[in-house]
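Trainee: Here it is, the structure in full.
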Protein chains: 2
Amino acid sequence: MIETPYLLFLGDAPDKLAAKVAQGIRDWRPDNAVGQFRMEGCKADMGLPDMTLAEAKAAGAKTLVIGVANRGGVISQAWKKVLVEALEEGFDLASGLHNLLRDEPELKAVAEATGRQLHDVRIPSVKYPIANGEKRTGKRCLAVGTDCSVGKMYTALCMDREMKDRGLKSSFRATGQTGILVTGEGVPLDAVIADFMAGSVEWLTPDNDADHWDHIEGQGSLFHVSYSGVTMALIHGGQPDALVLAHEPTREHMRGLPGYALPSLEALRDTALPLARVANPDCQVIGVSVNTQNMSDEDAKAYLAEVEDRMGLPATDPYRYGAGKLVDALLALG
Amino acid sequence: MIETPYLLFLGDAPDKLAAKVAQGIRDWRPDNAVGQFRMEGCKADMGLPDMTLAEAKAAGAKTLVIGVANRGGVISQAWKKVLVEALEEGFDLASGLHNLLRDEPELKAVAEATGRQLHDVRIPSVKYPIANGEKRTGKRCLAVGTDCSVGKMYTALCMDREMKDRGLKSSFRATGQTGILVTGEGVPLDAVIADFMAGSVEWLTPDNDADHWDHIEGQGSLFHVSYSGVTMALIHGGQPDALVLAHEPTREHMRGLPGYALPSLEALRDTALPLARVANPDCQVIGVSVNTQNMSDEDAKAYLAEVEDRMGLPATDPYRYGAGKLVDALLALG
């Protein structure tokens with residue numbers, strides 16, 4: 001539905017984490033991104049060619065994808081200037097921000113005048129049911145994190161890729177704008193009305209073959225006070241058979257919450273597993289996924305070994321060292 | 001904003017629990033309800049005079065309040081016939097259903113033609129922030145339940161009334177349609193967009209005097225897979241200083257979920273308290289509120305004594321026996 005390839009708009013991203021959407025597309029659909037567009041002060045870099053709108057157009061780009069997520073999702077005046085120019089140059093726009101492209105009168109007017117499309121992937125397009133909690137066939141795996149943005153989506157994408165590489169039945173189930181832009185479908189969970197959150201996750205992960213695994217994209221953290229309700233709905237709506245604990249060891253405090261320390265992996269396990277067993281009494285914690293991007297190879301391997309020893313669970317950075325251990329642990333559940 | 005007094009519309013309520021909204025108004029604003037309107041097959045009864053629309057109009061009723069909550073909130077054709085007649089007879093309509101009055105073309109057209117108002121109290125009227133988790137001044141109390149509809153709102157209303165009777169600083173903070181219809185303000189939490197749930201609760205319970213208590217209306221249950229995400233957001237957005245455990249001992253399974261057993265009060269305590277301490281490390285469980293409406297006086301008192309002994313906490317049915325014990329326990333926190 002969204003025309004490819006993309007030009008990735010990084011705006012004035014204050015850091016790399018803010019450009020999570022662009023990074024996800026870069027890592028999981030690299031062929032779809034011809035370049036990046038950065039404004040003054042941008043602190044993110046996807047390692048793609050920096051392009052003007054005209055250069056990207058000449059390189060074949062069809063859609064300008066807003067690859068940067070702001071807290072609260074505000075479309076600033078500085079951004080709007082670029083977006084209007086992009087429409088005028090013939091690009092469609094795609095965005096996962098809370099503030100909708102379609103709600104900006106100027107963008108809407110220019111899009112209509114130029115015949116371009118505004119894709120707001122955050123908006124639910126389905127009337128989701130209230131969750132009924134009924135047991136579904138097939139298997140489901142969910143990563144739960146000590147914090148937001150610690151690698152839950154990457155864990156699911158890596159495990160899905162590993163299973164497909166082995167010829168096993170597997171689906172990645174997107175619950176956020178990046179995942180939806182990566183896969184082309186999913187539930188924009190953080191934009192769903194509260195009462196229907198768990199039901200939307202049931203809808204996303206329906207009955208399936210007994211040997212099929214859904215890898216559900218995690219959101220938030222039970223320990224992140226801004227978003228824990230979304231995480232809770234994923235755990236109960238997803239009724240996972242397997243949980244993976246996701247962690248980023250160099251984080252100094254919960255993302256966006258300076259007064260809040262990260263929980264230990266043990267606390268995460270002891271909190272998430274009993275809650276998951278409300279919906280699925282057979283649920284197991286099968287491994288630990290560590291985001292080691294800020295660690296040396298030596299430090300990362302030492303940390304993973306220490307975690308394996310301490311937790312009695314396989315631990316890996318699935319993006320850096322492969323998801324084989326985690327998939328082995330899934331399959332060992334039988 | 002909503003004109004009183006009301007005629008309470010009970011529709012074809014399949015049981016008393018389905019008419020929770022009407023019951024709340026009946027119990028907490030009895031002067032505002034002149035009568036009830038029941039359709040064939042209605043199993044609920046507020047003990048108010050049964051009235052036709054004309055009789056209620058003659059008795060002074062200004063607004064027909066939909067006092068019955070359906071799963072998923074559907075406005076049936078049979079209901080619509082009554083609602084149209086009510087508009088034509090000169091009533092305003094007020095509703096907390098998910099399906100909005102204003103989204104029904106026939107109701108909207110008749111309301112416009114007759115100059116009547118459609119009040120959808122479920123719709124958020126505020127752009128809520130994302131929760132920031134910052135410590136707020138003043139004190140907050142939240143009831144968490146073993147299940148939905150076990151008396152969390154009544155617990156908060158009873159404790160608020162008891163504190164006001166003692167001349168103490170206290171507010172009831174409504175988070176559902178009944179509470180909003182009772183108090184005239186609040187956050188319709190189950191209709192809030194997922195990302196803003198906890199922020200809406202922070203907004204609802206702002207900084208206050210050090211000796212002021214907010215009694216926050218609870219929603220759902222951490223053990224109810226359909227709604228647990230809403231409960232989680234209340235616990236983290238409300239950053240309660242005190243939790244009250246709410247329970248209905250005769251419930252055979254989780255409401256609407258035949259395969260799900262209720263948790264024990266111990267399991268509720270051990271699940272809710274560590275989660276609450278993420279947002280407020282000083283949080284304490286201060287007592288147990290038991291809904292004994294389906295028990296004899298003798299059975300209720302024996303049950304409460306057993307709970308007090310087992311849990312080491314004051315236990316009462318605040319609606320039946322008063323909230324004094326719970327308020328004493330709050331004040332003992334200092």
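Please note that chains go A, B, ... in the order of the structure tokens, that every chain numbers its residues from 1, and that ligands are numbered from 1 in the order shown.
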Each residue of chain B with at least one atom at most 7 Å from chain A should appear once, together with its nearest atom pair and the corresponding distance in Å (one decimal); atoms considered: only C-alpha atoms; ordering: chain, then increasing residue number; output as a Markdown table.
Mentor:
```
| residue | atom | partner | partner_atom | distance |
| --- | --- | --- | --- | --- |
| B:Gly72 | CA | A:Ile130 | CA | 6.7 |
| B:Ile130 | CA | A:Ser226 | CA | 6.3 |
| B:Ala131 | CA | A:Ser226 | CA | 4.7 |
| B:Asn132 | CA | A:Ser226 | CA | 6.5 |
| B:Gly133 | CA | A:Val225 | CA | 6.2 |
| B:Asp190 | CA | A:Ala194 | CA | 4.9 |
| B:Ala191 | CA | A:Ile193 | CA | 5.4 |
| B:Val192 | CA | A:Ile193 | CA | 5.6 |
| B:Ile193 | CA | A:Ile193 | CA | 4.5 |
| B:Ala194 | CA | A:Asp190 | CA | 4.9 |
| B:Asp195 | CA | A:Asp190 | CA | 5.0 |
| B:Ala198 | CA | A:Ser226 | CA | 5.8 |
| B:Gly199 | CA | A:Ser226 | CA | 6.9 |
| B:Phe223 | CA | A:Val278 | CA | 6.5 |
| B:Val225 | CA | A:His236 | CA | 5.1 |
| B:Ser226 | CA | A:Ala131 | CA | 4.7 |
| B:Tyr227 | CA | A:Asp195 | CA | 6.2 |
| B:Ser228 | CA | A:Ala233 | CA | 6.4 |
| B:Gly229 | CA | A:Gly229 | CA | 4.0 |
| B:Val230 | CA | A:Gly229 | CA | 5.9 |
| B:Met232 | CA | A:Gly229 | CA | 4.8 |
| B:Ala233 | CA | A:Gly229 | CA | 4.7 |
| B:His236 | CA | A:Val225 | CA | 5.1 |
| B:Gly237 | CA | A:Val225 | CA | 6.7 |
| B:Leu257 | CA | A:Asn132 | CA | 6.7 |
| B:Val278 | CA | A:Phe223 | CA | 6.5 |
| B:Ala279 | CA | A:Val225 | CA | 6.6 |
```
Trainee: Within 9 Å of segment 13-15 of chain B, counting only C-alpha atoms, which residues show up once you throw out same-chain ones fewer than 2 positions away? Write them as a count of residues only, please.
Mentor: 14
Trainee: Could you give me the residues within segment 97-295 of chain A that DSSP places in strand (DSSP E), as a ChimeraX atom specification?
Mentor: /A:118-120,139-145,170-173,213-216,242-247,284-290
Trainee: I'd like the neighbourhood of Asp317 of chain B as a ChimeraX atom specification, where a residue qualifies if any of its atoms comes within 6 Å (using only C-alpha atoms), though same-chain residues fewer than 2 positions away should be ignored.
Mentor: /B:289-291,319-321
Trainee: Write a file of the just-selected residues containing N, CA, C and O atoms, as a tab-separated table (two decimals), in the first residue's frame.
Mentor:
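As written to disk, part-v1.tsv reads:
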```tsv
chain	number	residue	atom	x	y	z
B	289	SER	N	-11.66	-4.61	51.13
B	289	SER	CA	-13.06	-4.21	50.97
B	289	SER	C	-13.81	-5.38	50.34
B	289	SER	O	-13.51	-5.78	49.22
B	290	VAL	N	-14.75	-5.93	51.09
B	290	VAL	CA	-15.48	-7.11	50.61
B	290	VAL	C	-16.91	-6.71	50.25
B	290	VAL	O	-17.61	-6.10	51.06
B	291	ASN	N	-17.30	-7.05	49.04
B	291	ASN	CA	-18.67	-6.84	48.59
B	291	ASN	C	-19.50	-8.03	49.05
B	291	ASN	O	-19.43	-9.12	48.48
B	319	TYR	N	-19.90	-0.40	52.16
B	319	TYR	CA	-21.25	0.05	51.83
B	319	TYR	C	-22.25	-0.44	52.87
B	319	TYR	O	-23.20	0.26	53.23
B	320	ARG	N	-21.98	-1.65	53.38
B	320	ARG	CA	-22.91	-2.27	54.33
B	320	ARG	C	-22.58	-1.91	55.78
B	320	ARG	O	-23.49	-1.69	56.58
B	321	TYR	N	-21.28	-1.88	56.09
B	321	TYR	CA	-20.88	-1.70	57.50
B	321	TYR	C	-20.07	-0.43	57.74
B	321	TYR	O	-19.56	-0.22	58.83
```
Trainee: Measure the distance from atom CA of Thr114 of chain B to atom CA of Gly35 of chain B in Å and round it to one decimal.
Mentor: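 If I compute the distance from atom CA of Thr114 of chain B to atom CA of Gly35 of chain B, I get 23.1 Å.
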Trainee: Find the residues near Arg102 of chain A: any atom within 12 Å, counting only C-alpha atoms, skip ones fewer than 3 places away on the same chain, and give them as a PDB file with N, CA, C and O atoms, in the first residue's frame.
Mentor:
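Written out: part.pdb:
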```pdb
ATOM      1  N   ILE A  75       4.426  17.410  15.312  1.00  0.00           N
ATOM      2  CA  ILE A  75       4.970  17.790  14.007  1.00  0.00           C
ATOM      3  C   ILE A  75       5.309  19.281  14.072  1.00  0.00           C
ATOM      4  O   ILE A  75       4.429  20.128  14.074  1.00  0.00           O
ATOM      5  N   LEU A  93       3.726  10.766   1.719  1.00  0.00           N
ATOM      6  CA  LEU A  93       4.284  10.823   3.075  1.00  0.00           C
ATOM      7  C   LEU A  93       3.743   9.641   3.882  1.00  0.00           C
ATOM      8  O   LEU A  93       2.575   9.275   3.740  1.00  0.00           O
ATOM      9  N   ALA A  94       4.602   9.054   4.725  1.00  0.00           N
ATOM     10  CA  ALA A  94       4.153   8.002   5.643  1.00  0.00           C
ATOM     11  C   ALA A  94       4.679   8.309   7.032  1.00  0.00           C
ATOM     12  O   ALA A  94       5.838   8.704   7.188  1.00  0.00           O
ATOM     13  N   SER A  95       3.832   8.117   8.029  1.00  0.00           N
ATOM     14  CA  SER A  95       4.175   8.509   9.400  1.00  0.00           C
ATOM     15  C   SER A  95       3.509   7.594  10.408  1.00  0.00           C
ATOM     16  O   SER A  95       2.403   7.103  10.196  1.00  0.00           O
ATOM     17  N   GLY A  96       4.211   7.389  11.521  1.00  0.00           N
ATOM     18  CA  GLY A  96       3.627   6.648  12.627  1.00  0.00           C
ATOM     19  C   GLY A  96       3.452   7.523  13.854  1.00  0.00           C
ATOM     20  O   GLY A  96       3.225   7.015  14.946  1.00  0.00           O
ATOM     21  N   LEU A  97       3.533   8.837  13.683  1.00  0.00           N
ATOM     22  CA  LEU A  97       3.407   9.747  14.814  1.00  0.00           C
ATOM     23  C   LEU A  97       1.973   9.794  15.330  1.00  0.00           C
ATOM     24  O   LEU A  97       1.024   9.546  14.590  1.00  0.00           O
ATOM     25  N   HIS A  98       1.842  10.163  16.607  1.00  0.00           N
ATOM     26  CA  HIS A  98       0.507  10.380  17.174  1.00  0.00           C
ATOM     27  C   HIS A  98      -0.206  11.519  16.452  1.00  0.00           C
ATOM     28  O   HIS A  98      -1.381  11.424  16.137  1.00  0.00           O
ATOM     29  N   ASN A  99       0.512  12.635  16.253  1.00  0.00           N
ATOM     30  CA  ASN A  99      -0.074  13.730  15.478  1.00  0.00           C
ATOM     31  C   ASN A  99      -0.170  13.288  14.037  1.00  0.00           C
ATOM     32  O   ASN A  99       0.832  12.956  13.422  1.00  0.00           O
ATOM     33  N   PRO A 105      -3.786  20.850   8.505  1.00  0.00           N
ATOM     34  CA  PRO A 105      -4.530  21.420   7.363  1.00  0.00           C
ATOM     35  C   PRO A 105      -3.639  21.703   6.153  1.00  0.00           C
ATOM     36  O   PRO A 105      -4.039  21.443   5.016  1.00  0.00           O
ATOM     37  N   GLU A 106      -2.426  22.206   6.414  1.00  0.00           N
ATOM     38  CA  GLU A 106      -1.545  22.569   5.307  1.00  0.00           C
ATOM     39  C   GLU A 106      -1.136  21.320   4.517  1.00  0.00           C
ATOM     40  O   GLU A 106      -1.162  21.307   3.286  1.00  0.00           O
ATOM     41  N   LEU A 107      -0.756  20.268   5.262  1.00  0.00           N
ATOM     42  CA  LEU A 107      -0.341  19.038   4.580  1.00  0.00           C
ATOM     43  C   LEU A 107      -1.510  18.434   3.798  1.00  0.00           C
ATOM     44  O   LEU A 107      -1.357  17.969   2.671  1.00  0.00           O
ATOM     45  N   LYS A 108      -2.674  18.449   4.425  1.00  0.00           N
ATOM     46  CA  LYS A 108      -3.843  17.872   3.770  1.00  0.00           C
ATOM     47  C   LYS A 108      -4.166  18.638   2.478  1.00  0.00           C
ATOM     48  O   LYS A 108      -4.441  18.033   1.430  1.00  0.00           O
ATOM     49  N   ALA A 109      -4.098  19.963   2.565  1.00  0.00           N
ATOM     50  CA  ALA A 109      -4.422  20.786   1.397  1.00  0.00           C
ATOM     51  C   ALA A 109      -3.429  20.539   0.263  1.00  0.00           C
ATOM     52  O   ALA A 109      -3.826  20.349  -0.903  1.00  0.00           O
ATOM     53  N   VAL A 110      -2.141  20.505   0.622  1.00  0.00           N
ATOM     54  CA  VAL A 110      -1.128  20.312  -0.420  1.00  0.00           C
ATOM     55  C   VAL A 110      -1.227  18.907  -1.001  1.00  0.00           C
ATOM     56  O   VAL A 110      -1.085  18.707  -2.217  1.00  0.00           O
ATOM     57  N   ALA A 111      -1.492  17.910  -0.154  1.00  0.00           N
ATOM     58  CA  ALA A 111      -1.626  16.539  -0.649  1.00  0.00           C
ATOM     59  C   ALA A 111      -2.800  16.436  -1.626  1.00  0.00           C
ATOM     60  O   ALA A 111      -2.695  15.786  -2.677  1.00  0.00           O
ATOM     61  N   GLU A 112      -3.891  17.101  -1.278  1.00  0.00           N
ATOM     62  CA  GLU A 112      -5.049  17.060  -2.175  1.00  0.00           C
ATOM     63  C   GLU A 112      -4.752  17.777  -3.483  1.00  0.00           C
ATOM     64  O   GLU A 112      -5.088  17.295  -4.565  1.00  0.00           O
ATOM     65  N   ARG A 116      -1.097  13.603  -3.866  1.00  0.00           N
ATOM     66  CA  ARG A 116      -0.224  12.673  -3.138  1.00  0.00           C
ATOM     67  C   ARG A 116      -0.975  12.053  -1.959  1.00  0.00           C
ATOM     68  O   ARG A 116      -1.998  12.569  -1.498  1.00  0.00           O
ATOM     69  N   GLN A 117      -0.425  10.940  -1.440  1.00  0.00           N
ATOM     70  CA  GLN A 117      -1.055  10.203  -0.333  1.00  0.00           C
ATOM     71  C   GLN A 117      -0.396  10.547   1.002  1.00  0.00           C
ATOM     72  O   GLN A 117       0.829  10.699   1.074  1.00  0.00           O
ATOM     73  N   LEU A 118      -1.230  10.618   2.046  1.00  0.00           N
ATOM     74  CA  LEU A 118      -0.733  10.743   3.431  1.00  0.00           C
ATOM     75  C   LEU A 118      -1.053   9.430   4.148  1.00  0.00           C
ATOM     76  O   LEU A 118      -2.219   9.091   4.336  1.00  0.00           O
ATOM     77  N   HIS A 119      -0.018   8.673   4.516  1.00  0.00           N
ATOM     78  CA  HIS A 119      -0.217   7.391   5.212  1.00  0.00           C
ATOM     79  C   HIS A 119       0.053   7.564   6.698  1.00  0.00           C
ATOM     80  O   HIS A 119       1.212   7.774   7.087  1.00  0.00           O
ATOM     81  N   ASP A 120      -0.987   7.485   7.514  1.00  0.00           N
ATOM     82  CA  ASP A 120      -0.807   7.516   8.971  1.00  0.00           C
ATOM     83  C   ASP A 120      -0.919   6.082   9.489  1.00  0.00           C
ATOM     84  O   ASP A 120      -2.011   5.608   9.787  1.00  0.00           O
ATOM     85  N   VAL A 121       0.218   5.394   9.606  1.00  0.00           N
ATOM     86  CA  VAL A 121       0.151   3.965   9.962  1.00  0.00           C
ATOM     87  C   VAL A 121      -0.216   3.750  11.420  1.00  0.00           C
ATOM     88  O   VAL A 121      -0.470   2.620  11.828  1.00  0.00           O
ATOM     89  N   ARG A 122      -0.239   4.802  12.208  1.00  0.00           N
ATOM     90  CA  ARG A 122      -0.579   4.626  13.620  1.00  0.00           C
ATOM     91  C   ARG A 122      -2.078   4.441  13.838  1.00  0.00           C
ATOM     92  O   ARG A 122      -2.496   3.953  14.893  1.00  0.00           O
ATOM     93  N   ILE A 123      -2.879   4.852  12.895  1.00  0.00           N
ATOM     94  CA  ILE A 123      -4.327   4.828  13.089  1.00  0.00           C
ATOM     95  C   ILE A 123      -4.879   3.426  12.892  1.00  0.00           C
ATOM     96  O   ILE A 123      -4.706   2.815  11.835  1.00  0.00           O
TER      97      ILE A 123
END
```
Trainee: What residues in segment 72-284 of chain A get the DSSP label alpha helix (DSSP H)? Please answer as a PyMOL selection string.
Mentor: chain A and resi 77-89+105-114+152-165+177-183+197-204+228-238+265-279
Trainee: What does the file look like for those residues with C-alpha atoms, as an mmCIF file, in the first residue's frame?
Mentor:
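Output file out_39.cif is given in full below:
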```cif
data_model
loop_
_atom_site.group_PDB
_atom_site.id
_atom_site.type_symbol
_atom_site.label_atom_id
_atom_site.label_comp_id
_atom_site.auth_asym_id
_atom_site.auth_seq_id
_atom_site.Cartn_x
_atom_site.Cartn_y
_atom_site.Cartn_z
ATOM 1 C CA GLN A 77 6.920 23.946 11.952
ATOM 2 C CA ALA A 78 10.457 23.194 10.768
ATOM 3 C CA TRP A 79 9.398 19.660 9.826
ATOM 4 C CA LYS A 80 6.236 20.869 8.143
ATOM 5 C CA LYS A 81 8.206 23.025 5.744
ATOM 6 C CA VAL A 82 10.127 19.965 4.518
ATOM 7 C CA LEU A 83 6.997 17.815 4.335
ATOM 8 C CA VAL A 84 5.173 20.383 2.214
ATOM 9 C CA GLU A 85 8.143 20.588 -0.128
ATOM 10 C CA ALA A 86 8.229 16.808 -0.371
ATOM 11 C CA LEU A 87 4.562 16.682 -1.386
ATOM 12 C CA GLU A 88 5.200 19.399 -3.937
ATOM 13 C CA GLU A 89 8.145 17.405 -5.316
ATOM 14 C CA PRO A 105 -4.530 21.420 7.363
ATOM 15 C CA GLU A 106 -1.545 22.569 5.307
ATOM 16 C CA LEU A 107 -0.341 19.038 4.580
ATOM 17 C CA LYS A 108 -3.843 17.872 3.770
ATOM 18 C CA ALA A 109 -4.422 20.786 1.397
ATOM 19 C CA VAL A 110 -1.128 20.312 -0.420
ATOM 20 C CA ALA A 111 -1.626 16.539 -0.649
ATOM 21 C CA GLU A 112 -5.049 17.060 -2.175
ATOM 22 C CA ALA A 113 -3.775 19.710 -4.567
ATOM 23 C CA THR A 114 -0.856 17.540 -5.710
ATOM 24 C CA LYS A 152 12.061 -6.291 21.881
ATOM 25 C CA MET A 153 11.106 -5.747 18.223
ATOM 26 C CA TYR A 154 14.541 -6.797 17.004
ATOM 27 C CA THR A 155 14.360 -9.903 19.161
ATOM 28 C CA ALA A 156 11.060 -10.892 17.538
ATOM 29 C CA LEU A 157 12.301 -10.105 14.039
ATOM 30 C CA CYS A 158 15.542 -12.067 14.606
ATOM 31 C CA MET A 159 13.710 -15.098 15.987
ATOM 32 C CA ASP A 160 11.228 -14.986 13.113
ATOM 33 C CA ARG A 161 14.067 -14.812 10.583
ATOM 34 C CA GLU A 162 15.941 -17.660 12.287
ATOM 35 C CA MET A 163 12.851 -19.904 12.265
ATOM 36 C CA LYS A 164 12.134 -19.140 8.615
ATOM 37 C CA ASP A 165 15.788 -19.894 7.782
ATOM 38 C CA GLN A 177 4.609 1.854 13.735
ATOM 39 C CA THR A 178 8.093 0.619 12.852
ATOM 40 C CA GLY A 179 6.977 -2.980 12.723
ATOM 41 C CA ILE A 180 3.984 -2.004 10.615
ATOM 42 C CA LEU A 181 6.188 -0.027 8.228
ATOM 43 C CA VAL A 182 8.574 -3.009 8.087
ATOM 44 C CA THR A 183 5.952 -5.692 7.467
ATOM 45 C CA MET A 197 -6.036 -3.320 23.675
ATOM 46 C CA ALA A 198 -5.977 -6.974 24.688
ATOM 47 C CA GLY A 199 -8.650 -7.773 22.097
ATOM 48 C CA SER A 200 -6.558 -6.227 19.348
ATOM 49 C CA VAL A 201 -3.663 -8.502 20.310
ATOM 50 C CA GLU A 202 -5.955 -11.549 20.236
ATOM 51 C CA TRP A 203 -7.099 -10.415 16.777
ATOM 52 C CA LEU A 204 -3.472 -10.015 15.648
ATOM 53 C CA SER A 228 3.035 -0.381 31.455
ATOM 54 C CA GLY A 229 -0.668 -0.718 30.665
ATOM 55 C CA VAL A 230 0.148 -1.420 27.027
ATOM 56 C CA THR A 231 2.649 -4.094 28.065
ATOM 57 C CA MET A 232 0.067 -5.685 30.370
ATOM 58 C CA ALA A 233 -2.469 -5.898 27.533
ATOM 59 C CA LEU A 234 0.135 -7.570 25.296
ATOM 60 C CA ILE A 235 0.879 -10.180 27.949
ATOM 61 C CA HIS A 236 -2.787 -11.046 28.478
ATOM 62 C CA GLY A 237 -4.013 -10.599 24.896
ATOM 63 C CA GLY A 238 -1.049 -12.459 23.445
ATOM 64 C CA LEU A 265 16.273 -9.476 35.093
ATOM 65 C CA GLU A 266 15.141 -11.505 38.106
ATOM 66 C CA ALA A 267 12.531 -8.890 39.027
ATOM 67 C CA LEU A 268 11.319 -8.798 35.439
ATOM 68 C CA ARG A 269 11.015 -12.591 35.352
ATOM 69 C CA ASP A 270 9.236 -12.760 38.707
ATOM 70 C CA THR A 271 6.792 -10.022 37.716
ATOM 71 C CA ALA A 272 6.013 -10.977 34.134
ATOM 72 C CA LEU A 273 5.746 -14.754 34.408
ATOM 73 C CA PRO A 274 2.952 -14.960 37.025
ATOM 74 C CA LEU A 275 0.984 -12.344 35.079
ATOM 75 C CA ALA A 276 1.462 -14.276 31.835
ATOM 76 C CA ARG A 277 0.299 -17.468 33.535
ATOM 77 C CA VAL A 278 -3.076 -15.852 34.260
ATOM 78 C CA ALA A 279 -3.768 -16.127 30.522
#
```
Trainee: Would you compute the distance between atom CA of Glu104 of chain B and atom CA of Ser76 of chain B? Give it in Å to one decimal.
Mentor: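 Between these atoms lies a distance of 10.8 Å.
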Trainee: To one decimal in Å, tell me the separation between atom CA of Asp209 of chain A and atom CA of Asp282 of chain A.
Mentor: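 Atom CA of Asp282 of chain A lies at a distance of 17.9 Å from atom CA of Asp209 of chain A.
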Trainee: Excluding Lys139 of chain A and its own-chain neighbours fewer than 5 positions away, which residues fall within 10 Å of it when counting only C-alpha atoms? Please give them as a PDB file with C-alpha atoms, in the first residue's frame.
Mentor:
```
ATOM      1  CA  SER A 170       6.734 -18.465  11.912  1.00  0.00           C
ATOM      2  CA  THR A 205      -2.461 -13.521  16.753  1.00  0.00           C
ATOM      3  CA  PRO A 206      -5.367 -15.811  15.820  1.00  0.00           C
ATOM      4  CA  ASP A 207      -5.675 -19.600  15.778  1.00  0.00           C
ATOM      5  CA  ASN A 208      -2.889 -21.192  13.782  1.00  0.00           C
ATOM      6  CA  ASP A 209      -1.178 -24.529  13.070  1.00  0.00           C
ATOM      7  CA  ALA A 210      -0.074 -26.336  16.214  1.00  0.00           C
ATOM      8  CA  ASP A 211       3.595 -25.979  15.190  1.00  0.00           C
ATOM      9  CA  HIS A 212       3.360 -22.339  14.105  1.00  0.00           C
ATOM     10  CA  TRP A 213       4.974 -19.607  16.215  1.00  0.00           C
ATOM     11  CA  ASP A 214       3.863 -15.986  16.312  1.00  0.00           C
ATOM     12  CA  HIS A 215       6.650 -13.647  17.365  1.00  0.00           C
ATOM     13  CA  GLY A 238      -1.049 -12.459  23.445  1.00  0.00           C
ATOM     14  CA  GLN A 239      -1.371 -15.365  25.946  1.00  0.00           C
ATOM     15  CA  PRO A 240       2.257 -16.245  25.179  1.00  0.00           C
ATOM     16  CA  ASP A 241       3.631 -19.780  25.543  1.00  0.00           C
ATOM     17  CA  ALA A 242       7.115 -18.324  25.816  1.00  0.00           C
ATOM     18  CA  LEU A 330      11.478 -22.384  21.971  1.00  0.00           C
TER      19      LEU A 330
END
```
Trainee: Can you tell me, as a PyMOL selection string, what residues are no more than 6 Å from Leu245 of chain B when counting only C-alpha atoms, ignoring any on the same chain fewer than 4 positions away?
Mentor: chain B and resi 143-145+288-289
Trainee: Using only C-alpha atoms, which of the listed residues (B:Asp92, B:Gly176, B:Ser171, B:Pro49) sits closest to Val21 of chain B?
Mentor: B:Gly176
Trainee: Contacts of Asn32 of chain A at 6 Å or less, counting only C-alpha atoms, minus same-chain residues fewer than 6 places along, as a PDB file with N, CA and C atoms, in the first residue's frame?
Mentor:
```
ATOM      1  N   THR A   4       7.176   2.034  -2.429  1.00  0.00           N
ATOM      2  CA  THR A   4       8.612   2.000  -2.164  1.00  0.00           C
ATOM      3  C   THR A   4       9.357   2.346  -3.441  1.00  0.00           C
ATOM      4  N   PRO A   5      10.666   2.701  -3.367  1.00  0.00           N
ATOM      5  CA  PRO A   5      11.474   2.827  -2.142  1.00  0.00           C
ATOM      6  C   PRO A   5      11.206   4.138  -1.400  1.00  0.00           C
ATOM      7  N   TYR A   6      11.777   4.184  -0.192  1.00  0.00           N
ATOM      8  CA  TYR A   6      11.579   5.327   0.702  1.00  0.00           C
ATOM      9  C   TYR A   6      12.798   6.248   0.722  1.00  0.00           C
TER      10      TYR A   6
END
```
